[in-house]
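Student: Have a look at the structure that comes next, please.
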There are 2 protein chains.
Amino acid sequence: MPAADQPQAPPERRPYIRDTEENRREALIEAMQDLVAEGGPQAATVRAIAARAGVTPGLIRHYFGSKDELVRASYTALMDGMTDHGAAALAQAGEDPAERLAVFVASSLRPPVLDPRAAGLWAGYLHRVQGDPALLSQHETSYLRYRDRLQDLIEALSRDRTPGQSRREAIACNAVIDGLWLEGSVLGERFAPGELVRIGLRSVGAIIGVDLMQYGTAVPELGPEGKAP
Amino acid sequence: MPAADQPQAPPERRPYIRDTEENRREALIEAMQDLVAEGGPQAATVRAIAARAGVTPGLIRHYFGSKDELVRASYTALMDGMTDHGAAALAQAGEDPAERLAVFVASSLRPPVLDPRAAGLWAGYLHRVQGDPALLSQHETSYLRYRDRLQDLIEALSRDRTPGQSRREAIACNAVIDGLWLEGSVLGERFAPGELVRIGLRSVGAIIGVDLMQYGTAVPELGPEGKAP
DNA sequence: GCGGGAATTATGCAACCGTATAATCCAACT
DNA sequence: AGTTGGATTATACGGTTGCATAATTCCCGC
């Protein structure tokens with residue numbers, strides 16, 4: 001073989017493309033979330049993240065300082081996204097307190113909140129949440145915000161109750177929703193499409209002593225069979 | 001400085017210690033679980049696992065063939081341990097169906113089942129569960145076994161119900177327990193010691209329409225107020 | 001038009017990962 | 001007592017990781 005001396009095209013430098021800071025941060029966060037959701041934390045390497053975001057790894061350091069910082073930002077984005085979605089669903093609900101509660105519960109038990117990707121992503125971050133005080137307080141804030149909203153909706157039902165009761169009920173309702181969300185996300189195909197929403201409404205209703213099933217039709221696409229596209 | 005020519009003790013080989021296959025497998029699995037629980041999946045490297053188990057990394061390959069195989073065995077051990085614990089608690093319960101259900105529920109919501117370590121461990125495996133068909137079927141089996149036991153306990157209450165009702169109730173009760181277990185494990189210090197057990201009993205009772213709170217004293221260490229240090 | 005400087009890319013590095021393979025040890029069998 | 005073979009340890013290797021630094025590119029105020 002002759003020596004490696006052929007013209008050998010220069011390794012063609014990646015084109016320089018400039019973009020706004022916001023776009024770059026979003027792209028990196030989304031890329032990281034995709035990778036963690038698909039292949040677990042181990043798949044989210046700086047090179048893979050940068051490749052999916054369409055940039056070179058150096059930008060992670062440039063915009064976030066370190067990979068750990070990107071992880072924190074990514075977790076915050078995940079939590080905010082989920083709570084925001086619940087609030088949005090609530091915004092376009094009626095006046096009836098029971099109906100509002102039903103809509104809120106149902107929105108947490110169907111896509112895009114109920115999603116294998118989200119569950120895997122959440123689990124992928126959990127150990128960091130436990131170890132990092134900043135992330136732990138972040139989790140606590142998000143959790144309490146969700147639970148407090150739930151408690152407000154419950155208290156709006158204006159039934160007679162003791163002070164501690166609504167707290168216990170909110171904790172319990174939050175737990176049912178979390179549990180259904182989790183198992184539904186992991187074993188999604190084991191449940192019929194609208195089944196988890198119905199079970200959630202029935203259980204929450206049983207815990208607080210109000211019938212929420214009558215609002216089952218108020219939640220979209222849950223008519224006779226509920227086969228979403 | 002003189003040349004590096006001092007007697008320089010030979011790098012002292014690790015003493016050869018022989019042990020049974022069972023002990024070695026257990027030690028490796030336990031070491032892996034400790035590491036995943038403490039520092040997430042990324043902390044469980046073959047070298048760290050072997051070091052904690054008091055052996056050299058080669059033994060992992062010798063006994064499990066590969067690290068992935070050790071992960072599978074470790075996950076199986078975790079799941080079996082949790083379900084076994086529930087069964088054990090049930091074994092030393094009375095005859096009253098409601099009491100048996102109460103004991104079963106309560107045992108899942110207090111240590112050692114309710115444990116930050118277990119939750120972190122479980123989360124650390126989740127993404128592998130979603131990706132690995134063998135682990136997914138393993139998870140499904142464990143989940144259904146637990147849920148079916150719950151359903152049996154519910155049906156033993158001999159109330160009148162429709163066929164699908166007990167399934168829905170079992171799914172719902174399982175979800176409450178899972179949700180309480182999860183949040184209690186992550187935010188353990190946010191809840192009073194016996195609080196989660198009480199909420200669990202009250203919620204499960206509400207869902208199936210039976211009062212389980214009267215058995216609150218049947219579960220250990222839950223007397224008048226239950227304020228632990 | 002033309003420097004200055006931030007944004008982006010490219011390169012290099014030390015550490016670590018999982019695994020394959022070789023070397024060593026010791027108990028049990030003959 | 002000698003030998004054989006599984007259990008255990010040690011070493012080596014290719015690949016990957018996160019990060020630091022150097023080299024480019026091009027927008028923007030002058």
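Identifiers in this document derive from the order of the structure tokens: chains are assigned A, B, ..., residues are numbered from 1 separately in each chain, and ligands are numbered from 1 in order of occurrence.
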Output as an NGL selection string all residues of chain A that backbone DSSP marks as alpha helix (DSSP H).

Tutor: :A and (21-39 or 46-53 or 58-64 or 67-91 or 97-108 or 116-131 or 133-155 or 163-186 or 195-208)

Student: Up to 10 Å from chain C, what residues of chain A turn up? Count only C-alpha atoms (C1' of nucleotides) and give them as a VMD selection string.

Tutor: chain A and resid 13 to 21 55 to 59 62

Student: What are the residues of chain D lining chain B at 7 Å or less? Count only C-alpha atoms (C1' of nucleotides), and put the answer as a PyMOL selection string.

Tutor: chain D and resi 7-9

Student: To one decimal place, how far is CA of Val197 in chain B from CA of Ala156 in chain B in Å?

Tutor: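 One can read the CA of Val197 in chain B to CA of Ala156 in chain B distance as 21.5 Å.
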
Student: Residues of chain B were defined as contacting chain A if any atom lay at most 10 Å from it, counting only C-alpha atoms; please report them as a PyMOL selection string.

Tutor: chain B and resi 36-42+116-117+119-131+136-137+139-140+143+168-169+171-187+190+195-196+198-200+202-209

Student: Distance CA of Ala88 in chain B-CA of Leu114 in chain B, one decimal place?

Tutor: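 We find that CA of Ala88 in chain B and CA of Leu114 in chain B lie 15.5 Å from each other.
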
Student: Between CA of Gln151 in chain A and CA of Ala118 in chain A, what distance in Å does the model show, to one decimal?

Tutor: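 Taking CA of Gln151 in chain A as the start and CA of Ala118 in chain A as the end point, the length is 24.2 Å.
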
Student: Counting only C-alpha atoms (C1' of nucleotides), what is within 10 Å of Glu30 in chain B, bar same-chain residues fewer than 2 positions away, as a count of residues only?

Tutor: 16

Student: In terms of the shortest atom-to-atom distance over only C-alpha atoms, which of A:Pro97, A:Gln92, A:Arg72, A:Ser166 is closest to Arg147 in chain A?

Tutor: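 Ranking A:Pro97, A:Gln92, A:Arg72, A:Ser166 by distance to Arg147 in chain A, first place goes to A:Ser166.
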